[in-house]
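Working notes, beginning with the structure itself.
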Protein chains: 2
Amino acid sequence: MKEKATSFDIAYQAGVSQSTVSRALRNSPLVNAATREKIQAIAKELNYKVDKNASNLRSQQSDTIALLLFEDPTNDDSAINPFFLSMLGSITRACAQKGYDLLVSFQQASNDWHADFEDSNKADGLILLGYGDFVDFEEKLVQLTEQGTHFVRWGAEVENLPLVSIGCDNFQGGKEITEHVIAQGYNKLAFLGSASSHAPEFFERYKGHCQALTEANLAVIDSMQINALYTEDAGYKAACKLIESKQEFDAICAASDLIAIGAMRALQEHGISIPEQVAVVGFDDIAIASFTFPPLTTVKQDTKLAGELLVDSLLDLIAGESTKTTQIKPELVIRKSCGS
Amino acid sequence: MKEKATSFDIAYQAGVSQSTVSRALRNSPLVNAATREKIQAIAKELNYKVDKNASNLRSQQSDTIALLLFEDPTNDDSAINPFFLSMLGSITRACAQKGYDLLVSFQQASNDWHADFEDSNKADGLILLGYGDFVDFEEKLVQLTEQGTHFVRWGAEVENLPLVSIGCDNFQGGKEITEHVIAQGYNKLAFLGSASSHAPEFFERYKGHCQALTEANLAVIDSMQINALYTEDAGYKAACKLIESKQEFDAICAASDLIAIGAMRALQEHGISIPEQVAVVGFDDIAIASFTFPPLTTVKQDTKLAGELLVDSLLDLIAGESTKTTQIKPELVIRKSCGS
């Protein structure tokens with residue numbers, strides 16, 4: 001086997017400096033077109049491959065985006081929540097379309113992740129994706145900003161922090177689906193899902209839900225909101241609790257599809273028919289939602305668009321351009337579980 | 001803000017060389033424990049962060065595994081096939097459990113991927129995951145082996161190539177589910193799925209299907225095998241073709257769950273009841289399979305175990321240990337779509 005060609009070999013053959021070789025191979029405009037082509041032709045002939053780490057040290061460009069996935073600390077199961085799995089897929093795809101690799105790194109909210117990427121050149125920028133509680137993250141987000149790290153977040157806006165986030169208009173989604181349920185003639189609505197600033201997306205959906213109740217002259221009854229976080233099992237348990245509370249209800253608005261699917265299971269085990277006796281609606285439109293029995297009416301969060309917006313916004317920041325927080329319009333998906 | 005501490009600052013304070021600092025920070029056994037602890041304490045005090053690219057150049061360890069995802073060239077849709085999405089999730093999770101980041105890189109089968117990672121230090125090893133056609137990959141796989149790249153593949157074994165692969169025993173899975181369908185009293189079985197070496201997993205499932213037919217003294221009829229690749233839509237079209245062929249059939253064995261779900265849609269549109277008139281079974285056990293109507297009998301490929309085996313095998317190779325090709329045992333998942 002021949003010895004590997006080095007940038008020195010190319011520089012020697014082209015009669016230029018090694019740094020010119022390096023710039024030419026990165027298509028830098030600092031090298032004129034003729035020289036660039038000459039150098040690239042020689043590199044090709046010598047079958048020269050750039051050592052990406054060495055090259056990154058010089059250009060500070062890794063052509064890689066890092067995705068920090070934050071765990072649901074309450075989740076014992078090792079499966080990734082289907083909504084975030086779908087986001088992972090769409091972000092991967094959106095990166096590929098822009099010629100970037102995606103570095104996926106699981107994180108705990110308590111980790112030192114805000115410092116880990118500070119001095120490393122593993123990625124040109126970060127996407128933060130995960131379960132709710134950005135309240136506790138605030139200090140770390142401020143530090144990321146101060147150290148000049150390029151990053152965008154999926155999720156709710158953080159008040160008083162000028163950070164770029166892509167999220168869904170959760171308030172509007174929660175309001176629209178509740179209005180739809182009321183329009184079908186249901187008027188004793190329960191809400192399954194946590195309603196606190198530690199689950200900001202769920203909280204917004206609940207606020208929208210309450211707004212719709214109020215506008216329809218229906219009372220907001222605290223005991224009709226039952227906490228549930230993330231899993232199908234949490235939805236099942238919350239629905240059992242609702243049934244056991246002996247409160248009258250004729251509809252369940254769930255804060256997510258998984259919670260709705262768990263609630264459907266609980267209702268069916270108790271011999272309660274959907275949607276004849278109780279309507280059930282969800283939020284997310286995960287792949288399973290159109291296959292439940294009856295198929296689940298829900299609010300679609302467009303994960304394909306979300307992935308593209310996250311990647312595009314981050315690339316704008318990396319390029320030094322301005323970009324802004326965007327809320328994706330939620331879209332009502334009407335199926336059979338709400339009696340339509 | 002203070003200037004960033006460098007490894008030189010640490011070396012100066014500790015009274016050692018910079019390379020000793022570098023080794024100590026990587027926990028190298030070449031530095032004795034006392035010195036290592038002293039250096040690590042100073043680094044902590046100075047809030048020193050290793051530049052990962054610079055560090056990797058020295059240690060040749062990126063603590064990153066690269067996942068090369070190969071596209072289905074026939075897929076216009078931008079969504080990732082649910083089986084591979086599930087694999088992506090389980091590999092991500094398995095990497096995290098071992099303290100590795102995962103670099104996800106979409107590839108075209110025709111790309112120069114075998115050379116791209118040759119001289120780069122972006123990852124310590126590769127996992128190859130994707131749609132079928134490793135026949136055309138053979139030359140590239142040989143080159144990866146020759147250049148000493150550590151890699152493992154998901155999928156069927158490649159004859160005459162001593163490569164490590166993790167896969168499912170597709171033949172056995174195809175045989176068992178066909179035997180189960182026959183045991184329910186069905187005897188005019190069609191197979192929807194391509195049967196050629198360009199889709200080796202499907203081909204193995206078909207061979208197992210034929211073996212079960214033969215052992216049950218049922219004829220293998222070529223026209224009862226209809227090509228379909230990967231998508232729900234392909235399954236729908238193949239089932240329509242089968243119906244239009246006017247051949248008698250009372251069961252459909254599909255090469256994947258998505259194909260089965262497409263076939264169920266075609267049968268229902270033609271007013272054919274499942275499983276009373278025609279049984280339908282799939283392969284994979286994707287999340288949707290338990291939510292179809294009726295729920296789909298299928299063969300589970302354990303993606304959680306698959307992700308763990310892929311990562312463990314690759315880490316063995318990286319550590320210079322031996323490892324071997326493993327076939328995961330397929331598991332029959334019996335639901336209602338086959339009349340059980």
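Just remember, in the structure tokens the first chain shown is A, the second B, etc., residues are 1-based per chain, and ligands are 1-based in the order shown.
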
### Message
Need the shell around range 299-311 of chain A: protein/DNA/RNA residues with any atom at most 10 Å away, counting only C-alpha atoms. Skip same-chain ones fewer than 6 positions apart. Format as an NGL selection string?
### Response
(:A and (65 or 83-95 or 97-98 or 100 or 125-128 or 151-154 or 164-170 or 173-174 or 176-177 or 255-257 or 281-286 or 317 or 325-334)) or (:B and (78-79))

Take the selection from the previous step and output its residues with C-alpha atoms, as a PDB file, in the first residue's frame.
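Now in again_6.pdb:
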```
ATOM      1  CA  ILE A  65     -25.301  19.720  14.353  1.00  0.00           C
ATOM      2  CA  PHE A  83     -43.523  12.104  19.524  1.00  0.00           C
ATOM      3  CA  PHE A  84     -39.834  12.707  20.237  1.00  0.00           C
ATOM      4  CA  LEU A  85     -38.860   9.706  18.149  1.00  0.00           C
ATOM      5  CA  SER A  86     -40.731  11.283  15.248  1.00  0.00           C
ATOM      6  CA  MET A  87     -38.915  14.582  15.908  1.00  0.00           C
ATOM      7  CA  LEU A  88     -35.590  12.722  15.974  1.00  0.00           C
ATOM      8  CA  GLY A  89     -36.415  11.264  12.564  1.00  0.00           C
ATOM      9  CA  SER A  90     -37.458  14.573  11.044  1.00  0.00           C
ATOM     10  CA  ILE A  91     -34.426  16.449  12.413  1.00  0.00           C
ATOM     11  CA  THR A  92     -32.113  13.722  11.097  1.00  0.00           C
ATOM     12  CA  ARG A  93     -33.754  14.034   7.704  1.00  0.00           C
ATOM     13  CA  ALA A  94     -33.674  17.840   7.687  1.00  0.00           C
ATOM     14  CA  CYS A  95     -29.946  17.809   8.572  1.00  0.00           C
ATOM     15  CA  GLN A  97     -31.016  17.636   3.287  1.00  0.00           C
ATOM     16  CA  LYS A  98     -28.689  20.492   4.272  1.00  0.00           C
ATOM     17  CA  TYR A 100     -25.074  18.151   7.862  1.00  0.00           C
ATOM     18  CA  GLY A 125     -24.569  24.422  16.930  1.00  0.00           C
ATOM     19  CA  LEU A 126     -27.089  22.742  19.183  1.00  0.00           C
ATOM     20  CA  ILE A 127     -30.736  21.758  19.038  1.00  0.00           C
ATOM     21  CA  LEU A 128     -32.332  21.191  22.444  1.00  0.00           C
ATOM     22  CA  PHE A 151     -28.583  26.945  19.673  1.00  0.00           C
ATOM     23  CA  VAL A 152     -32.317  26.631  19.145  1.00  0.00           C
ATOM     24  CA  ARG A 153     -34.905  24.921  21.315  1.00  0.00           C
ATOM     25  CA  TRP A 154     -38.033  22.946  20.653  1.00  0.00           C
ATOM     26  CA  VAL A 164     -34.905  31.260  19.527  1.00  0.00           C
ATOM     27  CA  SER A 165     -37.443  28.499  19.925  1.00  0.00           C
ATOM     28  CA  ILE A 166     -39.630  26.568  17.544  1.00  0.00           C
ATOM     29  CA  GLY A 167     -42.794  25.266  19.115  1.00  0.00           C
ATOM     30  CA  CYS A 168     -46.442  24.628  18.607  1.00  0.00           C
ATOM     31  CA  ASP A 169     -49.124  27.132  19.533  1.00  0.00           C
ATOM     32  CA  ASN A 170     -50.265  24.898  22.365  1.00  0.00           C
ATOM     33  CA  GLY A 173     -54.455  23.885  19.866  1.00  0.00           C
ATOM     34  CA  GLY A 174     -55.941  23.219  23.291  1.00  0.00           C
ATOM     35  CA  GLU A 176     -59.619  24.602  19.201  1.00  0.00           C
ATOM     36  CA  ILE A 177     -59.980  20.950  20.082  1.00  0.00           C
ATOM     37  CA  ALA A 255     -52.777  16.577  26.949  1.00  0.00           C
ATOM     38  CA  SER A 256     -51.163  14.048  24.568  1.00  0.00           C
ATOM     39  CA  ASP A 257     -52.147  11.131  22.343  1.00  0.00           C
ATOM     40  CA  VAL A 281     -59.429  13.557  22.138  1.00  0.00           C
ATOM     41  CA  GLY A 282     -55.631  13.802  22.217  1.00  0.00           C
ATOM     42  CA  PHE A 283     -52.772  16.058  21.119  1.00  0.00           C
ATOM     43  CA  ASP A 284     -49.749  15.392  18.808  1.00  0.00           C
ATOM     44  CA  ASP A 285     -51.115  13.111  16.054  1.00  0.00           C
ATOM     45  CA  ILE A 286     -48.519  10.393  16.508  1.00  0.00           C
ATOM     46  CA  LEU A 317     -27.659  31.571  13.507  1.00  0.00           C
ATOM     47  CA  THR A 325     -38.971  32.290  17.344  1.00  0.00           C
ATOM     48  CA  THR A 326     -41.718  30.570  15.399  1.00  0.00           C
ATOM     49  CA  GLN A 327     -44.900  28.915  16.529  1.00  0.00           C
ATOM     50  CA  ILE A 328     -46.251  26.225  14.280  1.00  0.00           C
ATOM     51  CA  LYS A 329     -49.964  26.420  13.698  1.00  0.00           C
ATOM     52  CA  PRO A 330     -51.695  23.431  15.277  1.00  0.00           C
ATOM     53  CA  GLU A 331     -54.048  21.530  12.995  1.00  0.00           C
ATOM     54  CA  LEU A 332     -57.246  19.822  14.118  1.00  0.00           C
ATOM     55  CA  VAL A 333     -57.446  16.216  12.873  1.00  0.00           C
ATOM     56  CA  ILE A 334     -61.007  14.979  13.223  1.00  0.00           C
TER      57      ILE A 334
ATOM     58  CA  SER B  78     -39.627  12.126   3.640  1.00  0.00           C
ATOM     59  CA  ALA B  79     -40.706  10.039   6.616  1.00  0.00           C
TER      60      ALA B  79
END
```

Mind listing the strand (DSSP E) residues of range 93-288 of chain A, per DSSP on the backbone, as a PDB file with N, CA, C and O atoms, in the first residue's frame?
```
ATOM      1  N   ASP A 101     -24.312  16.315   9.229  1.00  0.00           N
ATOM      2  CA  ASP A 101     -24.521  15.137  10.052  1.00  0.00           C
ATOM      3  C   ASP A 101     -25.145  15.586  11.364  1.00  0.00           C
ATOM      4  O   ASP A 101     -25.049  16.749  11.751  1.00  0.00           O
ATOM      5  N   LEU A 102     -25.788  14.643  12.040  1.00  0.00           N
ATOM      6  CA  LEU A 102     -26.441  14.960  13.307  1.00  0.00           C
ATOM      7  C   LEU A 102     -25.798  14.137  14.423  1.00  0.00           C
ATOM      8  O   LEU A 102     -25.738  12.911  14.343  1.00  0.00           O
ATOM      9  N   LEU A 103     -25.302  14.819  15.445  1.00  0.00           N
ATOM     10  CA  LEU A 103     -24.715  14.134  16.590  1.00  0.00           C
ATOM     11  C   LEU A 103     -25.767  14.086  17.692  1.00  0.00           C
ATOM     12  O   LEU A 103     -26.149  15.125  18.226  1.00  0.00           O
ATOM     13  N   VAL A 104     -26.239  12.884  17.995  1.00  0.00           N
ATOM     14  CA  VAL A 104     -27.314  12.748  18.977  1.00  0.00           C
ATOM     15  C   VAL A 104     -26.729  12.399  20.337  1.00  0.00           C
ATOM     16  O   VAL A 104     -25.977  11.437  20.476  1.00  0.00           O
ATOM     17  N   SER A 105     -27.064  13.193  21.324  1.00  0.00           N
ATOM     18  CA  SER A 105     -26.489  13.006  22.640  1.00  0.00           C
ATOM     19  C   SER A 105     -27.599  13.076  23.686  1.00  0.00           C
ATOM     20  O   SER A 105     -28.280  14.087  23.807  1.00  0.00           O
ATOM     21  N   PHE A 106     -27.804  11.959  24.377  1.00  0.00           N
ATOM     22  CA  PHE A 106     -28.783  11.946  25.458  1.00  0.00           C
ATOM     23  C   PHE A 106     -28.226  12.723  26.635  1.00  0.00           C
ATOM     24  O   PHE A 106     -27.051  12.629  26.946  1.00  0.00           O
ATOM     25  N   GLN A 107     -29.088  13.448  27.307  1.00  0.00           N
ATOM     26  CA  GLN A 107     -28.643  14.268  28.433  1.00  0.00           C
ATOM     27  C   GLN A 107     -29.620  14.116  29.573  1.00  0.00           C
ATOM     28  O   GLN A 107     -30.803  13.864  29.367  1.00  0.00           O
ATOM     29  N   GLY A 125     -23.448  23.855  16.185  1.00  0.00           N
ATOM     30  CA  GLY A 125     -24.569  24.422  16.930  1.00  0.00           C
ATOM     31  C   GLY A 125     -25.397  23.323  17.553  1.00  0.00           C
ATOM     32  O   GLY A 125     -25.182  22.143  17.259  1.00  0.00           O
ATOM     33  N   LEU A 126     -26.312  23.706  18.412  1.00  0.00           N
ATOM     34  CA  LEU A 126     -27.089  22.742  19.183  1.00  0.00           C
ATOM     35  C   LEU A 126     -28.589  22.885  18.947  1.00  0.00           C
ATOM     36  O   LEU A 126     -29.091  23.997  18.818  1.00  0.00           O
ATOM     37  N   ILE A 127     -29.273  21.761  18.952  1.00  0.00           N
ATOM     38  CA  ILE A 127     -30.736  21.758  19.038  1.00  0.00           C
ATOM     39  C   ILE A 127     -31.098  21.091  20.363  1.00  0.00           C
ATOM     40  O   ILE A 127     -30.598  20.006  20.660  1.00  0.00           O
ATOM     41  N   LEU A 128     -31.899  21.754  21.155  1.00  0.00           N
ATOM     42  CA  LEU A 128     -32.332  21.191  22.444  1.00  0.00           C
ATOM     43  C   LEU A 128     -33.751  20.656  22.293  1.00  0.00           C
ATOM     44  O   LEU A 128     -34.651  21.383  21.886  1.00  0.00           O
ATOM     45  N   LEU A 129     -33.920  19.398  22.619  1.00  0.00           N
ATOM     46  CA  LEU A 129     -35.217  18.752  22.432  1.00  0.00           C
ATOM     47  C   LEU A 129     -35.516  17.890  23.633  1.00  0.00           C
ATOM     48  O   LEU A 129     -34.666  17.094  24.048  1.00  0.00           O
ATOM     49  N   GLY A 130     -36.692  18.036  24.204  1.00  0.00           N
ATOM     50  CA  GLY A 130     -36.991  17.113  25.280  1.00  0.00           C
ATOM     51  C   GLY A 130     -38.144  17.516  26.127  1.00  0.00           C
ATOM     52  O   GLY A 130     -38.912  18.418  25.795  1.00  0.00           O
ATOM     53  N   PHE A 151     -27.635  28.013  19.351  1.00  0.00           N
ATOM     54  CA  PHE A 151     -28.583  26.945  19.673  1.00  0.00           C
ATOM     55  C   PHE A 151     -30.021  27.384  19.472  1.00  0.00           C
ATOM     56  O   PHE A 151     -30.337  28.577  19.511  1.00  0.00           O
ATOM     57  N   VAL A 152     -30.869  26.409  19.207  1.00  0.00           N
ATOM     58  CA  VAL A 152     -32.317  26.631  19.145  1.00  0.00           C
ATOM     59  C   VAL A 152     -32.983  25.551  19.979  1.00  0.00           C
ATOM     60  O   VAL A 152     -32.419  24.484  20.195  1.00  0.00           O
ATOM     61  N   ARG A 153     -34.173  25.855  20.475  1.00  0.00           N
ATOM     62  CA  ARG A 153     -34.905  24.921  21.315  1.00  0.00           C
ATOM     63  C   ARG A 153     -36.220  24.541  20.669  1.00  0.00           C
ATOM     64  O   ARG A 153     -36.843  25.353  20.004  1.00  0.00           O
ATOM     65  N   TRP A 154     -36.655  23.306  20.922  1.00  0.00           N
ATOM     66  CA  TRP A 154     -38.033  22.946  20.653  1.00  0.00           C
ATOM     67  C   TRP A 154     -38.817  23.212  21.929  1.00  0.00           C
ATOM     68  O   TRP A 154     -38.403  22.808  23.019  1.00  0.00           O
ATOM     69  N   SER A 165     -36.819  29.794  19.745  1.00  0.00           N
ATOM     70  CA  SER A 165     -37.443  28.499  19.925  1.00  0.00           C
ATOM     71  C   SER A 165     -38.450  28.259  18.811  1.00  0.00           C
ATOM     72  O   SER A 165     -39.025  29.182  18.250  1.00  0.00           O
ATOM     73  N   ILE A 166     -38.599  26.987  18.487  1.00  0.00           N
ATOM     74  CA  ILE A 166     -39.630  26.568  17.544  1.00  0.00           C
ATOM     75  C   ILE A 166     -40.586  25.730  18.380  1.00  0.00           C
ATOM     76  O   ILE A 166     -40.156  24.830  19.108  1.00  0.00           O
ATOM     77  N   GLY A 167     -41.842  26.024  18.314  1.00  0.00           N
ATOM     78  CA  GLY A 167     -42.794  25.266  19.115  1.00  0.00           C
ATOM     79  C   GLY A 167     -44.141  25.268  18.435  1.00  0.00           C
ATOM     80  O   GLY A 167     -44.314  25.792  17.333  1.00  0.00           O
ATOM     81  N   CYS A 168     -45.074  24.663  19.110  1.00  0.00           N
ATOM     82  CA  CYS A 168     -46.442  24.628  18.607  1.00  0.00           C
ATOM     83  C   CYS A 168     -47.238  25.655  19.394  1.00  0.00           C
ATOM     84  O   CYS A 168     -46.921  25.936  20.554  1.00  0.00           O
ATOM     85  N   LEU A 189     -66.614  18.231  30.516  1.00  0.00           N
ATOM     86  CA  LEU A 189     -65.295  17.878  29.990  1.00  0.00           C
ATOM     87  C   LEU A 189     -64.248  17.763  31.099  1.00  0.00           C
ATOM     88  O   LEU A 189     -64.113  18.661  31.931  1.00  0.00           O
ATOM     89  N   ALA A 190     -63.517  16.654  31.075  1.00  0.00           N
ATOM     90  CA  ALA A 190     -62.359  16.499  31.962  1.00  0.00           C
ATOM     91  C   ALA A 190     -61.079  16.741  31.163  1.00  0.00           C
ATOM     92  O   ALA A 190     -61.062  16.595  29.935  1.00  0.00           O
ATOM     93  N   PHE A 191     -60.009  17.132  31.851  1.00  0.00           N
ATOM     94  CA  PHE A 191     -58.701  17.327  31.205  1.00  0.00           C
ATOM     95  C   PHE A 191     -57.681  16.434  31.903  1.00  0.00           C
ATOM     96  O   PHE A 191     -57.489  16.538  33.115  1.00  0.00           O
ATOM     97  N   LEU A 192     -57.048  15.547  31.139  1.00  0.00           N
ATOM     98  CA  LEU A 192     -56.011  14.682  31.722  1.00  0.00           C
ATOM     99  C   LEU A 192     -54.638  15.165  31.275  1.00  0.00           C
ATOM    100  O   LEU A 192     -54.293  15.103  30.090  1.00  0.00           O
ATOM    101  N   GLN A 225     -59.525  18.433  36.316  1.00  0.00           N
ATOM    102  CA  GLN A 225     -58.169  18.367  35.738  1.00  0.00           C
ATOM    103  C   GLN A 225     -57.373  17.385  36.580  1.00  0.00           C
ATOM    104  O   GLN A 225     -57.254  17.546  37.799  1.00  0.00           O
ATOM    105  N   ILE A 226     -56.861  16.353  35.948  1.00  0.00           N
ATOM    106  CA  ILE A 226     -56.132  15.311  36.683  1.00  0.00           C
ATOM    107  C   ILE A 226     -54.736  15.183  36.101  1.00  0.00           C
ATOM    108  O   ILE A 226     -54.555  15.094  34.876  1.00  0.00           O
ATOM    109  N   ALA A 251     -66.721  13.770  28.347  1.00  0.00           N
ATOM    110  CA  ALA A 251     -65.624  13.932  27.388  1.00  0.00           C
ATOM    111  C   ALA A 251     -64.304  14.035  28.135  1.00  0.00           C
ATOM    112  O   ALA A 251     -64.250  14.559  29.254  1.00  0.00           O
ATOM    113  N   ILE A 252     -63.244  13.485  27.504  1.00  0.00           N
ATOM    114  CA  ILE A 252     -61.890  13.599  28.055  1.00  0.00           C
ATOM    115  C   ILE A 252     -61.026  14.295  27.019  1.00  0.00           C
ATOM    116  O   ILE A 252     -60.898  13.820  25.881  1.00  0.00           O
ATOM    117  N   CYS A 253     -60.454  15.436  27.397  1.00  0.00           N
ATOM    118  CA  CYS A 253     -59.436  16.091  26.581  1.00  0.00           C
ATOM    119  C   CYS A 253     -58.089  15.719  27.201  1.00  0.00           C
ATOM    120  O   CYS A 253     -57.818  16.092  28.343  1.00  0.00           O
ATOM    121  N   ALA A 254     -57.279  14.978  26.470  1.00  0.00           N
ATOM    122  CA  ALA A 254     -55.984  14.550  27.000  1.00  0.00           C
ATOM    123  C   ALA A 254     -54.888  15.473  26.488  1.00  0.00           C
ATOM    124  O   ALA A 254     -54.968  15.982  25.366  1.00  0.00           O
ATOM    125  N   ALA A 279     -66.569  11.059  24.868  1.00  0.00           N
ATOM    126  CA  ALA A 279     -65.662  11.393  23.767  1.00  0.00           C
ATOM    127  C   ALA A 279     -64.233  11.464  24.318  1.00  0.00           C
ATOM    128  O   ALA A 279     -64.025  11.806  25.487  1.00  0.00           O
ATOM    129  N   VAL A 280     -63.257  11.111  23.485  1.00  0.00           N
ATOM    130  CA  VAL A 280     -61.849  11.219  23.890  1.00  0.00           C
ATOM    131  C   VAL A 280     -61.079  11.914  22.766  1.00  0.00           C
ATOM    132  O   VAL A 280     -61.227  11.540  21.594  1.00  0.00           O
ATOM    133  N   VAL A 281     -60.296  12.912  23.134  1.00  0.00           N
ATOM    134  CA  VAL A 281     -59.429  13.557  22.138  1.00  0.00           C
ATOM    135  C   VAL A 281     -58.010  13.689  22.702  1.00  0.00           C
ATOM    136  O   VAL A 281     -57.822  13.697  23.919  1.00  0.00           O
TER     137      VAL A 281
END
```

query: If you count only C-alpha atoms, which residues fall within 9 Å of Glu248 in chain A, apart from same-chain ones fewer than 3 positions away, as a ChimeraX atom specification?
result: /A:188-189,243,245

Have a look at CA of Ser196 in chain B and CA of Ala212 in chain B and let me know their distance in Å, one decimal.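 Straight-line distance from CA of Ser196 in chain B to CA of Ala212 in chain B works out to 18.6 Å.
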
Which residues come within 12 Å of His270 in chain A, counting only C-alpha atoms, excluding same-chain residues fewer than 3 positions away, as a VMD selection string? chain A and resid 236 239 to 240 242 to 244 263 to 267 273 to 274 277 to 278

Write out, as a PDB file, in the first residue's frame, the residues just selected, with N, CA and C atoms.
```pdb
ATOM      1  N   TYR A 236     -53.855   6.025  31.522  1.00  0.00           N
ATOM      2  CA  TYR A 236     -54.732   4.971  32.044  1.00  0.00           C
ATOM      3  C   TYR A 236     -55.064   5.235  33.505  1.00  0.00           C
ATOM      4  N   ALA A 239     -57.321   8.307  34.073  1.00  0.00           N
ATOM      5  CA  ALA A 239     -58.721   8.044  33.721  1.00  0.00           C
ATOM      6  C   ALA A 239     -59.393   7.195  34.792  1.00  0.00           C
ATOM      7  N   CYS A 240     -58.680   6.215  35.333  1.00  0.00           N
ATOM      8  CA  CYS A 240     -59.233   5.387  36.423  1.00  0.00           C
ATOM      9  C   CYS A 240     -59.575   6.278  37.621  1.00  0.00           C
ATOM     10  N   LEU A 242     -60.300   9.424  37.550  1.00  0.00           N
ATOM     11  CA  LEU A 242     -61.475  10.219  37.189  1.00  0.00           C
ATOM     12  C   LEU A 242     -62.754   9.408  37.368  1.00  0.00           C
ATOM     13  N   ILE A 243     -62.736   8.158  36.886  1.00  0.00           N
ATOM     14  CA  ILE A 243     -63.917   7.296  36.993  1.00  0.00           C
ATOM     15  C   ILE A 243     -64.245   7.043  38.471  1.00  0.00           C
ATOM     16  N   GLU A 244     -63.202   6.751  39.247  1.00  0.00           N
ATOM     17  CA  GLU A 244     -63.410   6.450  40.671  1.00  0.00           C
ATOM     18  C   GLU A 244     -63.863   7.668  41.475  1.00  0.00           C
ATOM     19  N   ALA A 263     -56.288   6.489  28.387  1.00  0.00           N
ATOM     20  CA  ALA A 263     -57.636   6.772  28.882  1.00  0.00           C
ATOM     21  C   ALA A 263     -58.668   5.908  28.165  1.00  0.00           C
ATOM     22  N   MET A 264     -58.484   5.718  26.850  1.00  0.00           N
ATOM     23  CA  MET A 264     -59.408   4.867  26.094  1.00  0.00           C
ATOM     24  C   MET A 264     -59.403   3.439  26.649  1.00  0.00           C
ATOM     25  N   ARG A 265     -58.220   2.969  26.994  1.00  0.00           N
ATOM     26  CA  ARG A 265     -58.105   1.620  27.546  1.00  0.00           C
ATOM     27  C   ARG A 265     -58.877   1.528  28.866  1.00  0.00           C
ATOM     28  N   ALA A 266     -58.725   2.539  29.718  1.00  0.00           N
ATOM     29  CA  ALA A 266     -59.425   2.537  31.008  1.00  0.00           C
ATOM     30  C   ALA A 266     -60.942   2.564  30.804  1.00  0.00           C
ATOM     31  N   LEU A 267     -61.415   3.416  29.892  1.00  0.00           N
ATOM     32  CA  LEU A 267     -62.858   3.509  29.635  1.00  0.00           C
ATOM     33  C   LEU A 267     -63.389   2.171  29.137  1.00  0.00           C
ATOM     34  N   SER A 273     -68.538   3.243  26.488  1.00  0.00           N
ATOM     35  CA  SER A 273     -68.326   3.258  25.044  1.00  0.00           C
ATOM     36  C   SER A 273     -67.881   4.643  24.562  1.00  0.00           C
ATOM     37  N   ILE A 274     -66.950   4.587  23.578  1.00  0.00           N
ATOM     38  CA  ILE A 274     -66.384   5.798  22.984  1.00  0.00           C
ATOM     39  C   ILE A 274     -66.854   5.864  21.535  1.00  0.00           C
ATOM     40  N   GLN A 277     -70.788   7.263  24.931  1.00  0.00           N
ATOM     41  CA  GLN A 277     -70.925   7.748  26.302  1.00  0.00           C
ATOM     42  C   GLN A 277     -69.911   8.836  26.639  1.00  0.00           C
ATOM     43  N   VAL A 278     -68.691   8.631  26.194  1.00  0.00           N
ATOM     44  CA  VAL A 278     -67.619   9.590  26.486  1.00  0.00           C
ATOM     45  C   VAL A 278     -66.765   9.808  25.236  1.00  0.00           C
TER      46      VAL A 278
END
```

Item to check | Between CA of Ala66 in chain B and CA of Gly99 in chain B, distance in Å (one decimal) | outcome: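 So the answer is 13.7 Å.
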
Q.
If you run DSSP on the backbone here, which positions in range 132-338 of chain A get alpha helix (DSSP H)? Please write them as a ChimeraX atom specification.
A. /A:138-146,170-183,200-215,232-244,257-269,303-318

**Message:** For Phe291 in chain A, find every residue with an atom within 10 Å (counting only C-alpha atoms), except residues of its own chain fewer than 6 positions away, and show them as a PyMOL selection string.
**Reply:** chain B and resi 288-295

I need the chosen residues saved as a compact mmCIF listing (two decimals), in the first residue's frame, with N, CA, C and O atoms.
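Saved file out_3.txt follows:
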```txt
# COMPACT_ATOMS: atom_id res chain seq x y z
N ILE B 288 -47.58 0.43 15.48
CA ILE B 288 -48.95 0.51 14.96
C ILE B 288 -49.64 -0.84 14.96
O ILE B 288 -50.87 -0.92 15.04
N ALA B 289 -48.86 -1.95 14.89
CA ALA B 289 -49.44 -3.27 14.61
C ALA B 289 -50.50 -3.67 15.61
O ALA B 289 -51.46 -4.36 15.26
N SER B 290 -50.36 -3.24 16.86
CA SER B 290 -51.36 -3.65 17.85
C SER B 290 -52.59 -2.76 17.81
O SER B 290 -53.56 -3.00 18.51
N PHE B 291 -52.57 -1.72 16.97
CA PHE B 291 -53.69 -0.79 16.90
C PHE B 291 -54.49 -0.92 15.61
O PHE B 291 -55.47 -0.22 15.44
N THR B 292 -54.07 -1.76 14.68
CA THR B 292 -54.84 -1.89 13.45
C THR B 292 -56.16 -2.57 13.77
O THR B 292 -56.34 -3.13 14.85
N PHE B 293 -57.10 -2.53 12.82
CA PHE B 293 -58.39 -3.17 13.06
C PHE B 293 -58.66 -4.18 11.96
O PHE B 293 -58.85 -3.78 10.82
N PRO B 294 -58.67 -5.45 12.26
CA PRO B 294 -58.31 -6.06 13.54
C PRO B 294 -56.82 -5.96 13.82
O PRO B 294 -56.05 -5.78 12.87
N PRO B 295 -56.42 -6.11 15.10
CA PRO B 295 -54.99 -6.04 15.43
C PRO B 295 -54.20 -7.10 14.65
O PRO B 295 -54.70 -8.20 14.43
```

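Residues lying within 7 Å of range 200-211 of chain B, counting only C-alpha atoms and ignoring same-chain neighbours fewer than 3 positions away, are Gly132, Ala156, Asn170, Phe171, Gln172, Gly173, Gly174, Lys175, Thr178, Gly193, Ser194, Ala195, Ser196, Ser197, Thr214, Glu215, Val220 and Ala255 of chain B.
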